[in-house]
Amino acid sequence: MASLLGKAVELEYRHYHDELTEAYNERFLQRHTTGEAVLSLNLDNFRSLNDTLGKQAGDTILRQFCIRMQLLLQEDDLLFRMNGDEFLLVLEKADHLRLERLTHQLPLQMETPFWIGTEPAYISVSGGISARRTKETSLDAAVRRAGSAMKSAKQSGKDQVLVYETMPPDQHGTFTGRLAHDLQPSLYNNEFYLQYQPKVDAESGRMVGAEALLRWAHPAFGAVRPDVFLQTAEKTGRMYLIDRWVINEACSQLSELPEEARFPVAVNVSSFHQHADDLLFTIEKALERTKLEPALLEIELTEFTYQDSFSKLQEFLYALRNLGVSVALDDFGTGHASLTYVQELPLTTLKLDRSFIWKMDEDETHRRMVDHILSIASLFSLQVVAEGVETKEQWTMLQERGCGVLQGFYFSRPVSFPQLLDYKNEPPRHVYLPQ
């Protein structure tokens with residue numbers, strides 16, 4: 001009798017669970033009627049990864065992904081595998097703040113690599129969240145809305161989670177209002193920190209520099225997406241405080257290394273419109289305090305930064321170059337910069353926008369755009385850094401075109417400073433030199 005009962009329990013478990021990941025399956029979802037919100041998830045570019053690394057590697061990633069998602073669940077939340085690389089989280093309790101928090105936590109949860117044996121693999125996730133409406137007697141409508149938001153997240157760039165507009169109007173603004181209130185004190189409470197994404201030589205794959213990227217571990221919301229808190233900083237006039245903190249922190253960390261072990265570090269700044277003199281003073285004093293060689297610091301600005309104040313930007317950049325600091329134009333090719341602008345600014349580097357890289361292997365127009373930008377850079381003796389390199393094929397095409405420096409998830413996601421030093425000292429992880 002006991003063995004029959006055990007067999008019945010086992011059969012029921014198999015009936016309602018996915019065999020590979022042990023998450024619940026669609027059969028169980030049809031029986032489940034409770035929950036305040038639904039989160040639809042899809043792994044980005046999983047089919048391509050599966051084709052490249054093989055089904056066994058893909059299965060390993062799916063299992064590891066489910067383990068990571070379990071860490072985000074609260075009591076009575078459920079994880080479902082719908083099909084292939086699509087998953088569903090049913091949240092039993094979910095107020096507005098929790099949903100907002102999940103939109104930032106989930107993409108950041110994917111920044112650490114998945115492991116296939118001893119080899120790291122990187123993959124991002126796109127998602128959509130929908131809150132269940134009061135009069136809805138089942139989850140079906142919320143599941144459809146969440147799926148629609150997930151598709152929008154994939155179509156608008158991937159690696160993000162969007163909330164379907166279902167929350168009551170009186171709850172809007174709570175999250176961003178709290179961020180605005182907490183931003184300035186958080187700079188002094190050790191809640192902000194830097195991660196670094198390596199830049200590698202296109203020929204050897206070895207690290208030749210890094211970009212410093214700001215992160216915020218909020219005590220209530222956890223990891224907040226940079227695009228969210230930087231937008232809040234812009235709107236509340238606190239961008240200079242952030243720029244100042246990043247410059248000082250990056251210089252301090254780099255100066256801790258012996259001189260022979262140091263490498264160039266790029267820092268993004270956005271506040272020169274209102275604080276050009278203050279920024280210049282901050283950079284000068286940071287270099288003086290840390291005794292860092294000015295050429296090791298690179299200041300990055302986007303094309304959009306100077307649309308309405310070109311003469312002011314020109315003056316600011318010449319002052320930087322007089323200090324010996326390098327200057328990079330970020331997201332080149334997406335804004336309104338003309339050949340004249342490139343000619344008149346004292347630049348040292350052009351950063352090729354990732355949107356061109358992602359479409360190179362399938363679109364001749366984008367390949368020609370890349371060739372054109374590389375020709376412009378060569379004409380003015382500028383270095384080119386290609387952002388967003390995610391595949392071996394992209395590396396090959398850029399190398400064949402003479403692009404000198406590459407940056408992207410194919411080589412490494414952003415990592416801590418100690419991890420960056422480990423990366424620098426290790427042999428290249430993806431050495432591929434085309435014949």
# chains A, B, ... in the order shown; residues from 1 in each chain; ligands from 1
>>> select_by_dssp(residues="segment 45-156 of chain A", states="helix (DSSP H, G or I)", output="number ranges by chain")
A: 46-53, 55-70, 96-109, 140-155
>>> closest_atom_pairs(of="segment 185-253 of chain A", to="segment 281-300 of chain A", cutoff="12 Å", atoms="only C-alpha atoms", output="CSV")
residue,atom,partner,partner_atom,distance
A:Val208,CA,A:Leu296,CA,11.0
A:Gly209,CA,A:Leu296,CA,8.9
A:Ala210,CA,A:Glu298,CA,9.8
A:Glu211,CA,A:Glu298,CA,8.9
A:Ala212,CA,A:Glu298,CA,10.1
A:Leu213,CA,A:Glu300,CA,11.5
A:Tyr240,CA,A:Thr282,CA,10.1
A:Leu241,CA,A:Thr282,CA,10.5
A:Ile242,CA,A:Thr282,CA,11.7
A:Asp243,CA,A:Thr282,CA,9.2
A:Arg244,CA,A:Thr282,CA,6.4
A:Trp245,CA,A:Thr282,CA,9.4
A:Val246,CA,A:Ile283,CA,10.4
A:Ile247,CA,A:Ile283,CA,6.8
A:Asn248,CA,A:Ala286,CA,5.7
A:Glu249,CA,A:Ala286,CA,9.0
A:Ala250,CA,A:Leu297,CA,8.8
A:Cys251,CA,A:Ala286,CA,6.6
A:Ser252,CA,A:Thr290,CA,6.2
A:Gln253,CA,A:Thr290,CA,9.3
>>> write_last_selection(atoms="C-alpha atoms", output="PDB file, in the first residue's frame")
ATOM      1  CA  VAL A 208      44.129  47.010 -22.569  1.00  0.00           C
ATOM      2  CA  GLY A 209      41.826  49.133 -20.423  1.00  0.00           C
ATOM      3  CA  ALA A 210      38.404  49.289 -18.799  1.00  0.00           C
ATOM      4  CA  GLU A 211      35.274  51.401 -18.460  1.00  0.00           C
ATOM      5  CA  ALA A 212      34.079  52.331 -14.962  1.00  0.00           C
ATOM      6  CA  LEU A 213      30.326  51.803 -14.481  1.00  0.00           C
ATOM      7  CA  TYR A 240      27.491  66.560 -10.832  1.00  0.00           C
ATOM      8  CA  LEU A 241      27.607  64.894  -7.406  1.00  0.00           C
ATOM      9  CA  ILE A 242      27.574  61.490  -9.111  1.00  0.00           C
ATOM     10  CA  ASP A 243      30.207  62.494 -11.676  1.00  0.00           C
ATOM     11  CA  ARG A 244      32.450  63.791  -8.900  1.00  0.00           C
ATOM     12  CA  TRP A 245      32.075  60.592  -6.863  1.00  0.00           C
ATOM     13  CA  VAL A 246      32.842  58.329  -9.841  1.00  0.00           C
ATOM     14  CA  ILE A 247      35.926  60.311 -10.896  1.00  0.00           C
ATOM     15  CA  ASN A 248      37.388  60.259  -7.385  1.00  0.00           C
ATOM     16  CA  GLU A 249      36.596  56.586  -6.792  1.00  0.00           C
ATOM     17  CA  ALA A 250      38.008  55.397 -10.137  1.00  0.00           C
ATOM     18  CA  CYS A 251      41.217  57.384  -9.666  1.00  0.00           C
ATOM     19  CA  SER A 252      41.607  56.114  -6.095  1.00  0.00           C
ATOM     20  CA  GLN A 253      41.173  52.460  -7.040  1.00  0.00           C
TER      21      GLN A 253
END
>>> select_by_dssp(residues="segment 77-155 of chain A", states="strand (DSSP E)", output="PyMOL selection string")
chain A and resi 78-83+86-91+114-116+119-121+125-131
>>> write_last_selection(atoms="N, CA and C atoms", output="short mmCIF file (atom, residue, chain, number, x, y, z; two decimals), in the first residue's frame")
data_model
loop_
_atom_site.label_atom_id
_atom_site.label_comp_id
_atom_site.auth_asym_id
_atom_site.auth_seq_id
_atom_site.Cartn_x
_atom_site.Cartn_y
_atom_site.Cartn_z
N LEU A 78 5.32 31.06 -7.18
CA LEU A 78 5.55 29.84 -7.95
C LEU A 78 6.30 30.16 -9.25
N LEU A 79 7.18 29.25 -9.65
CA LEU A 79 7.94 29.37 -10.90
C LEU A 79 7.46 28.29 -11.86
N PHE A 80 7.13 28.70 -13.10
CA PHE A 80 6.66 27.78 -14.13
C PHE A 80 7.60 27.85 -15.34
N ARG A 81 7.86 26.68 -15.94
CA ARG A 81 8.50 26.67 -17.25
C ARG A 81 7.40 26.44 -18.27
N MET A 82 7.22 27.44 -19.17
CA MET A 82 6.12 27.36 -20.11
C MET A 82 6.50 26.51 -21.33
N ASN A 83 7.60 26.87 -21.96
CA ASN A 83 8.15 26.05 -23.06
C ASN A 83 9.52 26.60 -23.39
N GLU A 86 11.09 29.97 -22.08
CA GLU A 86 10.10 30.90 -21.53
C GLU A 86 9.64 30.41 -20.16
N PHE A 87 9.60 31.35 -19.22
CA PHE A 87 9.22 31.03 -17.85
C PHE A 87 8.19 32.03 -17.35
N LEU A 88 7.53 31.63 -16.27
CA LEU A 88 6.51 32.49 -15.67
C LEU A 88 6.68 32.45 -14.15
N LEU A 89 6.68 33.62 -13.53
CA LEU A 89 6.64 33.72 -12.08
C LEU A 89 5.26 34.21 -11.68
N VAL A 90 4.59 33.48 -10.81
CA VAL A 90 3.32 33.94 -10.25
C VAL A 90 3.60 34.40 -8.83
N LEU A 91 3.37 35.70 -8.61
CA LEU A 91 3.68 36.31 -7.32
C LEU A 91 2.42 36.37 -6.47
N PHE A 114 26.85 32.12 -16.17
CA PHE A 114 26.45 30.73 -15.98
C PHE A 114 27.69 29.88 -16.27
N TRP A 115 27.73 28.70 -15.68
CA TRP A 115 28.93 27.87 -15.85
C TRP A 115 28.57 26.56 -16.54
N ILE A 116 29.29 26.31 -17.62
CA ILE A 116 29.16 25.05 -18.34
C ILE A 116 30.49 24.33 -18.13
N GLU A 119 33.70 26.57 -18.11
CA GLU A 119 33.61 27.69 -19.04
C GLU A 119 32.44 28.60 -18.68
N PRO A 120 32.69 29.93 -18.60
CA PRO A 120 31.59 30.85 -18.32
C PRO A 120 30.76 31.13 -19.57
N ALA A 121 29.47 31.33 -19.38
CA ALA A 121 28.59 31.73 -20.48
C ALA A 121 27.69 32.85 -19.97
N VAL A 125 18.15 38.47 -19.86
CA VAL A 125 16.75 38.07 -19.82
C VAL A 125 15.87 39.28 -20.12
N SER A 126 14.78 39.05 -20.83
CA SER A 126 13.76 40.07 -21.06
C SER A 126 12.49 39.61 -20.35
N GLY A 127 11.76 40.57 -19.79
CA GLY A 127 10.57 40.18 -19.04
C GLY A 127 9.47 41.22 -19.08
N GLY A 128 8.29 40.77 -18.73
CA GLY A 128 7.14 41.67 -18.61
C GLY A 128 6.35 41.33 -17.36
N ILE A 129 5.88 42.35 -16.66
CA ILE A 129 5.12 42.16 -15.43
C ILE A 129 3.72 42.71 -15.61
N SER A 130 2.74 41.99 -15.10
CA SER A 130 1.38 42.49 -15.09
C SER A 130 0.73 42.20 -13.75
N ALA A 131 0.08 43.20 -13.19
CA ALA A 131 -0.66 43.01 -11.94
C ALA A 131 -2.06 42.50 -12.27
#
>>> atom_distance(atom1="atom CA of Leu194 of chain A", atom2="atom CA of Ala223 of chain A")
12.6 Å
>>> atom_distance(atom1="atom CA of Arg225 of chain A", atom2="atom CA of Asn268 of chain A")
16.0 Å
>>> closest_residue(among="A:Leu313, A:Val327, A:Ile123, A:Leu230", to="Phe409 of chain A", atoms="only C-alpha atoms")
A:Ile123
>>> residues_around(residues="Glu234 of chain A", least_positions_apart="2", cutoff="12 Å", atoms="only C-alpha atoms", output="PyMOL selection string")
chain A and resi 180+183+226-232+236-243+269-274
>>> write_last_selection(atoms="C-alpha atoms", output="PDB file, in the first residue's frame")
ATOM      1  CA  ALA A 180      15.272  61.082  -5.547  1.00  0.00           C
ATOM      2  CA  LEU A 183      20.256  59.583  -3.901  1.00  0.00           C
ATOM      3  CA  PRO A 226      21.687  52.637 -13.745  1.00  0.00           C
ATOM      4  CA  ASP A 227      19.438  54.121 -16.440  1.00  0.00           C
ATOM      5  CA  VAL A 228      16.760  54.637 -13.778  1.00  0.00           C
ATOM      6  CA  PHE A 229      18.816  56.314 -11.074  1.00  0.00           C
ATOM      7  CA  LEU A 230      20.867  58.370 -13.551  1.00  0.00           C
ATOM      8  CA  GLN A 231      17.650  59.732 -15.041  1.00  0.00           C
ATOM      9  CA  THR A 232      16.538  60.627 -11.513  1.00  0.00           C
ATOM     10  CA  THR A 236      16.905  66.484  -9.636  1.00  0.00           C
ATOM     11  CA  GLY A 237      20.131  68.299 -10.511  1.00  0.00           C
ATOM     12  CA  ARG A 238      22.441  65.848  -8.746  1.00  0.00           C
ATOM     13  CA  MET A 239      24.377  64.601 -11.752  1.00  0.00           C
ATOM     14  CA  TYR A 240      27.491  66.560 -10.832  1.00  0.00           C
ATOM     15  CA  LEU A 241      27.607  64.894  -7.406  1.00  0.00           C
ATOM     16  CA  ILE A 242      27.574  61.490  -9.111  1.00  0.00           C
ATOM     17  CA  ASP A 243      30.207  62.494 -11.676  1.00  0.00           C
ATOM     18  CA  VAL A 269      30.395  62.344 -17.285  1.00  0.00           C
ATOM     19  CA  SER A 270      27.116  64.145 -17.999  1.00  0.00           C
ATOM     20  CA  SER A 271      27.103  67.305 -15.889  1.00  0.00           C
ATOM     21  CA  PHE A 272      29.502  69.591 -17.744  1.00  0.00           C
ATOM     22  CA  HIS A 273      26.577  71.783 -18.988  1.00  0.00           C
ATOM     23  CA  GLN A 274      26.093  73.405 -15.583  1.00  0.00           C
TER      24      GLN A 274
END
>>> closest_residue(among="A:Gly147, A:Ile67, A:Ser138, A:Val384", to="Leu39 of chain A", atoms="only C-alpha atoms")
A:Gly147
>>> atom_distance(atom1="atom CA of Arg368 of chain A", atom2="atom CA of Lys154 of chain A")
25.6 Å
>>> closest_residue(among="A:Leu257, A:Leu20, A:Ala377, A:Leu139", to="Gly402 of chain A", atoms="only C-alpha atoms")
A:Ala377
>>> closest_residue(among="A:Tyr196, A:Phe46, A:Tyr341, A:Phe28", to="Pro418 of chain A", atoms="only C-alpha atoms")
A:Tyr196
